[in-house]
Amino acid sequence: MTYMKAWWHKNWVGYLFLTPWLLGILAFTAIPMGASLYLSFTKYDMFTAPEWIGLKNYLSMFKDQKWQSSVLVTLKYVFLGVPLQLTFALSVALLLKRGIRGVGVYRAMYYVPSLFGGSVAVAILWRQIFGGDGLVNNLLGSIGIKGMNWISNPDTALYTLIVLMIWQFGSSMVIFLAGLKQVPIELYESSTIDGAGPVRQFFAITLPLITPVVFFNLVMGIIGAFQAFTSAYIVSGGSGGPLDSTLFYTLYLYQKGFTHFQMGFASAMAWFLLVVIAFVTALVFVSSKKWVYYQE
Amino acid sequence: MFIHIFIILLGVAMLYPLLWMVSSSFKIQTEIFTGISFFPTKITFENYVNGWAGLSGITFGRFFINTFFIIFIGIVGNVLSCSMTAYAFARLNFSMKKIWFAIMLVTLMLPFHVTIIPQYIIFNSLEWVNTYLPLTLPRFFAVEGFFIFLLVQFMRGIPSELEQAAKIDGCGPIRIYWYLMMPLSLPAIVTTMIFTFIWTWNDFFGQLLYISNIDLYTVALGLRMFLDSSGKSAWGSMFAMSTLSLVPLFAVFIFFQRYLIEGITTGGVKG
């Protein structure tokens, strides 16, 4: 009894302050996670009680055409978009790093799209400018190229969304800029004395030393891109079309869970997403030992 | 030199879609599709008037007020709960602290989709769907780990001598939290407020899920509904309202740019 009293006496303040978070973790994370895992093995439409069906959801999920499309679409989006976006971000950060006057203004100019990018307003704008008679085609027309309706063409629709992701490189760029600032100038100075040119300096000094920042941007970018929703929803009008070419995984999950009320299936989809994200993140983490270099 | 020009050109190209949208919002309907000339031949406000009128008698003004309301409550919740949690992790000692902290870090990377369905079901059974409760109440329980992390990093940087001095004066941990840590953590708190504002403003998925009553619509939902119902015929008003919906975000950016940049880099570089 006195042991408990002592424990309580030592810890009560910490736990007092931790209470909201503990309650939150329990009510909004732990319990829902357990529930959704359970639901993924059931057939549940919210109106009747859940019916246990074992692995059927997972099995039918893997066989589902639309599901397969959504996986492909999302993988394309993540593994084309994120590297391209980060490349842009790093390239522009390198250009800005040279200490040009008014860096703050340019940094702001590039950052603004990423501030607005996740919004419905920009998705709507994107739908217009890439439409049949939208801004992009008008601009192309003025130099004599006839553009098509990029949004309603299943071959190009996804790429308009990828362009949207790349357009938002500003926030990654800001992080790269901060990381670049931390590279000690002396390294550049001494290497110049040794005769190293800018390219050599980039590969030998800059790149290795910013790998922690690349790592962070990569992980956050991948996790974020896997969960993208708004742009696909607005640009396709909620359908994921044309022909499922913009059917992001989360969009299909939304349709299954909240339009068709197949909550068991949607839960299975959610857990699959979790596993994939965890797996890819773990891969990046494990591989990081090989290529991330921390300054000691 | 060339780099300078390139940077400017690229920046303008980046912003061009947005600038075009703003200028189109002042053009008469037919002009939006015909020319690429940037400036309207005749400036009109009719798009703003038509757009503002909204739908079924509910104006965009209502949507704006609704959104500000949710954000305000969300900010209060986030600031209070996340700072309390951060204080516990940064400054207090208690058993299993490392385990809880590790759990907190893991939740940072958890896709929210594994929890939304049961959350929706729970909220539904409580009859909270179609209210603002699901969008605001969780904020009081420190569900957004990013802010906990941000505040922890910041609080760790506050010199402990100040706390020692306060303790000598007889302050208990609660007073230290409220009268010392909170005021000193103001920059991180402001950053929390700003990001809460931005993320809530853009939280289309959550709002889509929990709000179906048009009176309760937020700006994001209002825009989507506008798009669905007016189709091709009302791009002018669409752009006008979209422009307006970006104004608060832009204002936050202008006034708080420093905090935004700091906030991002703390997460990415110093973290």
# chains A, B, ... in the order shown; residues from 1 in each chain; ligands from 1
$ interface_residues --of "chain B" --to "chain A" --cutoff "6 Å" --atoms "only C-alpha atoms" --output "ChimeraX atom specification"
/B:11,84-85,88,92,94,113-115,118,141-142,202,220,242,265
$ write_last_selection --atoms "N, CA and C atoms" --output "compact mmCIF listing (two decimals), in the first residue's frame"
# COMPACT_ATOMS: atom_id res chain seq x y z
N GLY B 11 9.15 31.91 -60.00
CA GLY B 11 8.22 32.32 -58.95
C GLY B 11 6.91 32.85 -59.54
N MET B 84 -0.26 21.16 -22.18
CA MET B 84 -0.23 20.36 -20.96
C MET B 84 0.58 19.08 -21.16
N THR B 85 0.30 18.43 -22.27
CA THR B 85 1.01 17.19 -22.56
C THR B 85 2.50 17.45 -22.77
N ALA B 88 4.28 17.99 -19.55
CA ALA B 88 4.54 16.72 -18.85
C ALA B 88 5.77 16.04 -19.43
N LEU B 92 8.33 17.29 -16.60
CA LEU B 92 7.97 16.53 -15.42
C LEU B 92 8.55 15.13 -15.53
N PHE B 94 7.93 11.12 -14.55
CA PHE B 94 6.96 10.13 -14.10
C PHE B 94 7.31 8.81 -14.74
N HIS B 113 -6.95 7.07 -41.27
CA HIS B 113 -8.02 6.25 -41.81
C HIS B 113 -8.30 5.01 -40.99
N VAL B 114 -7.31 4.55 -40.22
CA VAL B 114 -7.58 3.36 -39.41
C VAL B 114 -8.46 3.68 -38.22
N THR B 115 -8.64 4.96 -37.98
CA THR B 115 -9.48 5.28 -36.83
C THR B 115 -10.77 5.98 -37.21
N PRO B 118 -14.38 3.69 -37.04
CA PRO B 118 -14.96 3.53 -35.70
C PRO B 118 -15.29 4.86 -35.04
N PHE B 141 -8.19 16.89 -26.42
CA PHE B 141 -7.52 15.70 -25.90
C PHE B 141 -6.20 15.44 -26.60
N ALA B 142 -5.58 16.51 -27.07
CA ALA B 142 -4.23 16.43 -27.61
C ALA B 142 -4.07 15.35 -28.66
N ASN B 202 -8.44 23.90 -44.13
CA ASN B 202 -8.34 23.01 -45.29
C ASN B 202 -8.83 21.59 -45.03
N ALA B 220 -15.04 25.23 -47.11
CA ALA B 220 -14.61 24.18 -48.04
C ALA B 220 -15.82 23.43 -48.60
N SER B 242 -13.66 31.30 -54.28
CA SER B 242 -12.39 30.62 -54.01
C SER B 242 -11.34 31.61 -53.57
N THR B 265 10.47 24.28 -39.83
CA THR B 265 11.87 23.88 -39.73
C THR B 265 12.15 23.22 -38.39
$ select_by_dssp --residues "region 69-290 of chain A" --states "alpha helix (DSSP H)" --output "PyMOL selection string"
chain A and resi 69-97+103-116+120-129+135-142+157-167+170-181+185-193+198-201+207-209+211-226+230-236+249-254+263-290
$ residues_around --residues "Leu216 (chain B)" --least-positions-apart "4" --cutoff "9 Å" --atoms "only C-alpha atoms" --output "list in words"
Arg62, Phe63, Asn66, Thr67, Asn130, Thr131, Tyr132, Ile211 and Ser212 of chain B
$ closest_residue --among "B:Asn47, B:Ser95, B:Thr218, B:Ser81" --to "Leu151 (chain B)" --atoms "only C-alpha atoms"
B:Ser81
$ closest_residue --among "B:Phe112, B:Phe255, B:Phe147, B:Phe68" --to "Gly206 (chain B)" --atoms "only C-alpha atoms"
B:Phe112
$ closest_residue --among "B:Phe204, B:Phe239, B:Phe250, B:Phe64" --to "Phe45 (chain B)" --atoms "only C-alpha atoms"
B:Phe239
